[in-house]
Amino acid sequence: MKWITKLGIVALIVALAAGCSGGNKGSSNGSGKNGEATNKPSASSEPSATANDEPIEIAWLSFNFPAEDGSIGQKYIEEKFNVKIKNIRIDRANWKDQLNVRLASDELPDVWLLWGIADVNAYSGQNLLAELPIDEIKAKMPSLAKLVDDNNPAAWSNGLINGKNYGIPITNVDGIYPLLPYYNENWLKAIGYDAPPTTLEELEDVVYKFRNNDPDQNSKKDTYGLTGKGSLADLNQSFPYVFGAFDVQPQFWVEDGNGGLAYGMTTENAREAFKLLNKWFKDGVLDPEFITADGNKKEFENGLVGVKFDQWNYQRPTLRKQIKVTDSTYFPTIAGTQVAAPEYTGHGMAWGLTGNYMGMGVDVDKTPGKREKIYEILNAAYSDSEVMKYLSFGEEGVHHDLVNGLPVIKTEMTADKLNNLGIGAYYGILSSKSLEGELLRYPTEDLEWRKQVVKDIPLMYDQVKFNIPSASQFPDIKNMESEYFIKFITGDVDLDSGFDDFIEKWKKAGGEVLTKEVNEIYATNQK
């Protein structure tokens, strides 16, 4: 309900207002206009306040802040939603230290960007975050809820702390699409393939021929089938389409078939995938420098290997057309699919929807209507095309132009200029995080192409994005995993007894404790 908070209004009038509206002071359980949830994104663009309401002050914390108050982004929100924004400015480079100083001075954000589940856990544990029930989020932000429910419903449990929710997921739309193998199309044609491989047997044939059949036709044996991304600490960046063929990813927690979860690298699925990679390594079709490789730009673009994996948006047709015009070394790439090993389904790796969160400070309900107002603004920033367009691109003709129906930032508008205008992530962080927001960023050609290349590919998400209490107690376990990951592929550790020895060492290094905690929390979240 909309509360009149002007000083001097007598308690009787307030009581009458409450009675007439049928609301409860500070209620957080409303479900939209007339108490009904709506799936119409445009509904959020209708400000709920009347001209006689006093603006509600909202302390706002995000990144890439405008240097001065009164930016056009700030004014837009203030005028459209009848609020007064108090900007909290914190540098990303020293975020936690600066924030802790503010919090120690009782400067608590109302809208609060939380960098992942660790932040949610830390600040909820200090009783600084308001609880945001999932049903409430679903009612207040229906477009966001539909995206999660339709694509990754388990993601709702990622932000739970002791069974309670304290954050609105900042959805990563790209996270619901698989990372796929992409092939050098010229090389495929040179070895006799008109299309990318669709089975593991064909994939193996392709990588062997990329090594042995001179696909670049320079009369030298100087090419390989594939390489890894050993230069990155994240093991999931190396060979995901190979592990996916065995329905596993090394650093994902996966379903164990008995209602619980197991760590991917300790499963029989992983052992089988490592055996295949070890075979390819011994046969010389896997780049021997995979340990230090970049895996994409250096090795693939420079013609050392013929297959890489990538996100769809880096390989979309309109971008590839631009590259063709500007890059003299351009060659065509073609999207492959996720293959499956015999007796496996084959799952494409996807990052999932959740990562960071938007929270509300614990004092948000001390001001009647503030919680509702924040939801109203965030929902509009997530799903209302008018609001998203302004907060992301500014004014047409001034800050952006329409090119083929899509807003394109003017070349003179640098990132710093846009930040200082309040255009971008500070107020509009949610505006690039929804399916509706994609319609402002990608041509129909790209979205239709994506629909085809990801069609019918089962997805694999990490089942554990929630906080594991003891994780910080075992900082060396990841280093051990990386060491064995390499040794399994190179054959320095055999994949029979050596793999079993690794599992035992992993358990003693903290894996047993982590597995126990993971399954206890997972079981609770499933209730």
# chains A, B, ... in the order shown; residues from 1 in each chain; ligands from 1
>>> residues_around(residues="Leu144 in chain A", least_positions_apart="4", cutoff="8 Å", atoms="only C-alpha atoms", output="list in words")
Lys138, Val148, Thr171, Tyr382, Ser383 and Ser434 of chain A
>>> residues_around(residues="Gly511 in chain A", least_positions_apart="5", cutoff="12 Å", atoms="only C-alpha atoms", output="ChimeraX atom specification")
/A:253,262-266,468,470-471,473-478,480-481,502-506,516-518
>>> write_last_selection(atoms="N, CA, C and O atoms", output="tab-separated table (two decimals), in the first residue's frame")
chain	number	residue	atom	x	y	z
A	253	TRP	N	29.34	-30.02	-8.96
A	253	TRP	CA	28.70	-31.04	-8.15
A	253	TRP	C	27.53	-31.59	-8.96
A	253	TRP	O	26.71	-30.83	-9.48
A	262	ALA	N	27.60	-35.65	-5.80
A	262	ALA	CA	29.01	-36.05	-5.76
A	262	ALA	C	29.82	-35.01	-6.52
A	262	ALA	O	29.31	-34.34	-7.43
A	263	TYR	N	31.08	-34.87	-6.15
A	263	TYR	CA	31.95	-33.93	-6.85
A	263	TYR	C	32.37	-34.54	-8.17
A	263	TYR	O	32.85	-35.68	-8.24
A	264	GLY	N	32.20	-33.79	-9.26
A	264	GLY	CA	32.36	-34.33	-10.59
A	264	GLY	C	33.67	-35.05	-10.83
A	264	GLY	O	33.70	-36.12	-11.45
A	265	MET	N	34.77	-34.49	-10.36
A	265	MET	CA	36.08	-35.05	-10.67
A	265	MET	C	36.32	-36.39	-9.98
A	265	MET	O	37.25	-37.11	-10.33
A	266	THR	N	35.48	-36.72	-9.01
A	266	THR	CA	35.65	-37.98	-8.28
A	266	THR	C	34.73	-39.09	-8.79
A	266	THR	O	34.65	-40.15	-8.17
A	468	ILE	N	29.12	-23.12	1.05
A	468	ILE	CA	29.58	-24.32	1.77
A	468	ILE	C	30.39	-23.82	2.97
A	468	ILE	O	31.48	-23.26	2.79
A	470	SER	N	32.45	-24.85	5.22
A	470	SER	CA	33.84	-25.22	5.49
A	470	SER	C	34.76	-25.02	4.29
A	470	SER	O	35.96	-25.35	4.37
A	471	ALA	N	34.26	-24.47	3.20
A	471	ALA	CA	35.06	-24.39	1.98
A	471	ALA	C	36.37	-23.63	2.20
A	471	ALA	O	37.43	-24.01	1.68
A	473	GLN	N	38.20	-23.52	4.68
A	473	GLN	CA	39.15	-24.23	5.53
A	473	GLN	C	40.10	-25.13	4.73
A	473	GLN	O	41.08	-25.64	5.28
A	474	PHE	N	39.80	-25.31	3.44
A	474	PHE	CA	40.61	-26.23	2.63
A	474	PHE	C	41.10	-25.51	1.36
A	474	PHE	O	40.72	-25.88	0.25
A	475	PRO	N	41.95	-24.50	1.52
A	475	PRO	CA	42.36	-23.69	0.36
A	475	PRO	C	43.23	-24.44	-0.64
A	475	PRO	O	43.34	-24.03	-1.80
A	476	ASP	N	43.84	-25.54	-0.22
A	476	ASP	CA	44.78	-26.23	-1.11
A	476	ASP	C	44.13	-27.31	-1.96
A	476	ASP	O	44.78	-27.90	-2.83
A	477	ILE	N	42.86	-27.58	-1.72
A	477	ILE	CA	42.23	-28.70	-2.42
A	477	ILE	C	42.12	-28.43	-3.93
A	477	ILE	O	42.26	-29.35	-4.74
A	478	LYS	N	41.92	-27.19	-4.30
A	478	LYS	CA	41.82	-26.86	-5.73
A	478	LYS	C	43.16	-27.07	-6.43
A	478	LYS	O	43.21	-27.49	-7.59
A	480	MET	N	45.37	-29.27	-5.66
A	480	MET	CA	45.52	-30.72	-5.83
A	480	MET	C	44.69	-31.21	-7.02
A	480	MET	O	45.15	-32.04	-7.81
A	481	GLU	N	43.49	-30.68	-7.15
A	481	GLU	CA	42.65	-31.06	-8.28
A	481	GLU	C	43.31	-30.69	-9.61
A	481	GLU	O	43.32	-31.49	-10.56
A	502	PHE	N	43.71	-40.88	-5.88
A	502	PHE	CA	43.35	-39.46	-5.88
A	502	PHE	C	42.09	-39.21	-5.07
A	502	PHE	O	42.02	-38.27	-4.27
A	503	ILE	N	41.08	-40.05	-5.26
A	503	ILE	CA	39.82	-39.85	-4.54
A	503	ILE	C	40.05	-39.91	-3.04
A	503	ILE	O	39.52	-39.09	-2.27
A	504	GLU	N	40.86	-40.86	-2.59
A	504	GLU	CA	41.13	-40.97	-1.15
A	504	GLU	C	41.89	-39.75	-0.64
A	504	GLU	O	41.59	-39.22	0.44
A	505	LYS	N	42.86	-39.28	-1.41
A	505	LYS	CA	43.60	-38.08	-1.02
A	505	LYS	C	42.68	-36.86	-0.99
A	505	LYS	O	42.78	-36.01	-0.11
A	506	TRP	N	41.80	-36.81	-1.98
A	506	TRP	CA	40.86	-35.68	-2.05
A	506	TRP	C	39.95	-35.67	-0.83
A	506	TRP	O	39.70	-34.60	-0.25
A	516	LYS	N	29.91	-33.99	2.80
A	516	LYS	CA	28.91	-34.13	3.86
A	516	LYS	C	28.09	-32.84	3.99
A	516	LYS	O	26.85	-32.88	4.04
A	517	GLU	N	28.77	-31.69	4.02
A	517	GLU	CA	28.06	-30.42	4.15
A	517	GLU	C	27.19	-30.14	2.93
A	517	GLU	O	26.04	-29.69	3.08
A	518	VAL	N	27.73	-30.40	1.76
A	518	VAL	CA	26.98	-30.17	0.53
A	518	VAL	C	25.68	-30.95	0.55
A	518	VAL	O	24.60	-30.42	0.23
>>> closest_residue(among="A:Ser472, A:Asn64, A:Ser482, A:Asn127", to="Gly510 in chain A", atoms="only C-alpha atoms")
A:Ser472
>>> select_by_dssp(residues="range 166-247 of chain A", states="alpha helix (DSSP H)", output="list in words")
Glu185, Asn186, Trp187, Leu188, Lys189, Ala190, Leu200, Glu201, Glu202, Leu203, Glu204, Asp205, Val206, Val207, Tyr208, Lys209, Phe210, Arg211, Asn212, Pro240, Tyr241, Val242, Phe243 and Gly244 of chain A
>>> closest_residue(among="A:Asp150, A:Glu301, A:Asp53, A:Asp310", to="Ile323 in chain A", atoms="only C-alpha atoms")
A:Glu301
>>> closest_residue(among="A:Leu261, A:Lys321, A:Lys229, A:Arg211", to="Ala293 in chain A", atoms="only C-alpha atoms")
A:Lys229
>>> select_by_dssp(residues="range 80-255 of chain A", states="strand (DSSP E)", output="NGL selection string")
:A and (83-88 or 111-114 or 160-161 or 164-165 or 168-170 or 180-184 or 253-255)
>>> closest_residue(among="A:Gly244, A:Pro215, A:Gly116, A:Gly352", to="Asp174 in chain A", atoms="only C-alpha atoms")
A:Gly352
>>> residues_around(residues="Val454 in chain A", least_positions_apart="4", cutoff="12 Å", atoms="only C-alpha atoms", output="PyMOL selection string")
chain A and resi 174+176-181+311-312+335-338+347-350+447-450+458-459
>>> closest_atom_pairs(of="range 266-297 of chain A", to="range 236-240 of chain A", cutoff="12 Å", atoms="only C-alpha atoms", output="CSV")
residue,atom,partner,partner_atom,distance
A:Ala270,CA,A:Pro240,CA,11.2
A:Ala273,CA,A:Phe239,CA,9.6
A:Phe274,CA,A:Phe239,CA,10.1
A:Leu276,CA,A:Phe239,CA,11.2
A:Leu277,CA,A:Phe239,CA,8.8
A:Leu286,CA,A:Phe239,CA,10.6
A:Asp287,CA,A:Phe239,CA,11.9
A:Phe290,CA,A:Ser238,CA,8.7
A:Ile291,CA,A:Ser238,CA,9.6
A:Thr292,CA,A:Ser238,CA,11.1
A:Ala293,CA,A:Ser238,CA,9.7
A:Asp294,CA,A:Ser238,CA,9.6
A:Gly295,CA,A:Ser238,CA,7.9
A:Asn296,CA,A:Gln237,CA,10.5
>>> residues_around(residues="Leu113 in chain A", least_positions_apart="3", cutoff="7 Å", atoms="only C-alpha atoms", output="PyMOL selection string")
chain A and resi 61-62+357-359
>>> write_last_selection(atoms="N, CA and C atoms", output="CSV table (one decimal), in the first residue's frame")
chain,number,residue,atom,x,y,z
A,61,LEU,N,23.5,1.3,-3.7
A,61,LEU,CA,24.9,0.8,-3.8
A,61,LEU,C,25.0,-0.1,-5.0
A,62,SER,N,25.8,0.3,-6.0
A,62,SER,CA,26.1,-0.6,-7.1
A,62,SER,C,27.5,-0.2,-7.5
A,357,TYR,N,23.9,-11.0,-6.6
A,357,TYR,CA,22.5,-10.7,-6.1
A,357,TYR,C,22.3,-9.3,-5.8
A,358,MET,N,21.0,-8.9,-5.8
A,358,MET,CA,20.6,-7.6,-5.3
A,358,MET,C,19.9,-7.8,-3.9
A,359,GLY,N,20.4,-7.2,-2.9
A,359,GLY,CA,19.8,-7.3,-1.6
A,359,GLY,C,19.2,-6.0,-1.1
>>> closest_residue(among="A:Thr354, A:Asn302, A:Thr199, A:Thr524", to="Ile168 in chain A", atoms="only C-alpha atoms")
A:Thr354
>>> atom_distance(atom1="CA of Ala104 in chain A", atom2="CA of Gln126 in chain A")
11.6 Å
>>> closest_residue(among="A:Asp496, A:Asp110, A:Asp283, A:Asp401", to="Val207 in chain A", atoms="only C-alpha atoms")
A:Asp283
